[in-house]
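*Asks:* This is the structure I want to talk about, given as C-alpha cells.
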Amino acid sequence: MDTFADLVDRARALAGTGERRVLLGVTGSPGAGKSTLVGELAAALRPDPPVGLAAGEWVAHVPMDGFHLADVELVRLGRRDRKGAPDTFDAGGYRALLRRLRADDEDVVYAPAFERVLEQPLAGAIAVPRAARLILTEGNYLLLDDPRWRAVASALDEVWFCDLRADVRIGRLTARHETFGKAPAHAAAWVRDVDGPNAELVESTRCRADVLVPSGVLESIGGRPPG
C-alpha cells in the first residue's frame, strides 16, 4: 500500500457490495496516527459508497479508546499511573461490541467514545446505524497475542498496522500530551516510562497485520492530532 489512495481503494473493495457488514481494524503504537488515518479514510469513503448504498452513514468509526477504564476504577486497581496499558481497558466490553456489530441485527448500536480533554470514556456517545456497512475501529492492542485480546482480532475482517517512523511518532505523541494539559517534562516522562513499554509491546504485533501502512503515507496525512 504505497499511497493513501491505495488504502481507500482497498477499504472500499473490502466493503464489497455492502451486502454484509465488514469490520476493518487499524492498529499501531501510541502516536502512530491510527485515529488520523481512520478519520481520513472515513472522510474519503463516505461520499463515494458502493453502488446501491447511500452516502454518509455507510461508514462508521468506533474507537477502542472508548473502552478505557475510568480513572476511578484505575485508582481502585492501582493502575492509574499505567493508563493506556493493555490491562487498563475493558477488553471484554470491546469484544462484545464488535460481536454485536458483526451480528448486524439491531437498528442502532451505541458505542462509547473517549473524551481527550477529560481523559475519560463517554458511554453511548457513538450511534452506529443499521445502514453502516463498513465499520472502522482503531486501537493499540488489536493484534495482541493475549487471551483477552485474541477474540478482538477474530472479530475483524482485516487489521492494518500504522508503521510510522519512531522519531516522528514520539515527537507527535509528546506534543499531543502537552496539548491536552501535561507540562513538557511530564509529557516527556510519560512517553518514555508509560507509552514506551506499550509501544514495544504493540510493535511486536506488526507481523500479524494484513497491511503495513508505511511511514510516508502516515506523515503525509499527519496534520491532525495523532492516534
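In the C-alpha cells, chains take the letters A, B, ... in the order shown, each chain's residues start at 1, and ligands count up from 1 in the order shown.
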Any chance you could tabulate, as JSON lines, the residues of stretch 153-198 of chain A at most 12 Å from stretch 74-93 of chain A with each one's nearest atom pair and distance in Å to one decimal, using only C-alpha atoms, in chain and rising number order?

*Replies:*
{"residue": "A:Ala153", "atom": "CA", "partner": "A:Ala91", "partner_atom": "CA", "distance": 11.5}
{"residue": "A:Ala189", "atom": "CA", "partner": "A:Asp81", "partner_atom": "CA", "distance": 11.6}
{"residue": "A:Trp190", "atom": "CA", "partner": "A:Asp81", "partner_atom": "CA", "distance": 9.1}
{"residue": "A:Val191", "atom": "CA", "partner": "A:Gly84", "partner_atom": "CA", "distance": 11.0}
{"residue": "A:Arg192", "atom": "CA", "partner": "A:Arg82", "partner_atom": "CA", "distance": 11.9}
{"residue": "A:Asp193", "atom": "CA", "partner": "A:Arg82", "partner_atom": "CA", "distance": 9.0}
{"residue": "A:Val194", "atom": "CA", "partner": "A:Arg82", "partner_atom": "CA", "distance": 6.0}
{"residue": "A:Asp195", "atom": "CA", "partner": "A:Gly84", "partner_atom": "CA", "distance": 7.4}
{"residue": "A:Gly196", "atom": "CA", "partner": "A:Ala85", "partner_atom": "CA", "distance": 10.3}
{"residue": "A:Pro197", "atom": "CA", "partner": "A:Ala85", "partner_atom": "CA", "distance": 8.5}
{"residue": "A:Asn198", "atom": "CA", "partner": "A:Ala85", "partner_atom": "CA", "distance": 6.1}

*Asks:* Within 6 Å of stretch 17-28 of chain A, counting only C-alpha atoms, which residues show up once you throw out same-chain ones fewer than 3 positions away? Write them as a ChimeraX atom specification, please.

*Replies:* /A:32,50,133-140,156-162

*Asks:* Please determine, counting only C-alpha atoms, which residue among A:Ala44, A:Val202, A:Met64, A:Ala155 has the shortest atom-to-atom distance to A:Pro112.

*Replies:*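 So, comparing all the options, the nearest one is A:Met64.
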
*Asks:* Kindly indicate which residue among A:Arg206, A:Glu57, A:Ala42, A:Glu219 lies nearest to A:Ala131, using only C-alpha atoms for the distances.

*Replies:*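 Selected residue with least distance to A:Ala131: A:Glu57.
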
*Asks:* Please return as a PyMOL selection string: the residues of stretch 5-198 of chain A that backbone DSSP assigns to strand (DSSP E or B).

*Replies:* chain A and resi 22-27+59-61+68+89+108-115+120-129+134-138+158-163

*Asks:* Tell me, as a short mmCIF file (atom, residue, chain, number, x, y, z; two decimals) with C-alpha atoms, in the first residue's frame, which residues lie within 7 Å of stretch 3-13 of chain A, counting only C-alpha atoms; anything in the same chain fewer than 4 positions away does not count.

*Replies:*
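Output contents, as saved in around_30.cif:
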data_model
loop_
_atom_site.label_atom_id
_atom_site.label_comp_id
_atom_site.auth_asym_id
_atom_site.auth_seq_id
_atom_site.Cartn_x
_atom_site.Cartn_y
_atom_site.Cartn_z
CA LEU A 41 -10.33 7.11 5.36
CA LEU A 45 -15.09 6.90 1.67
CA VAL A 217 1.65 7.78 3.89
#
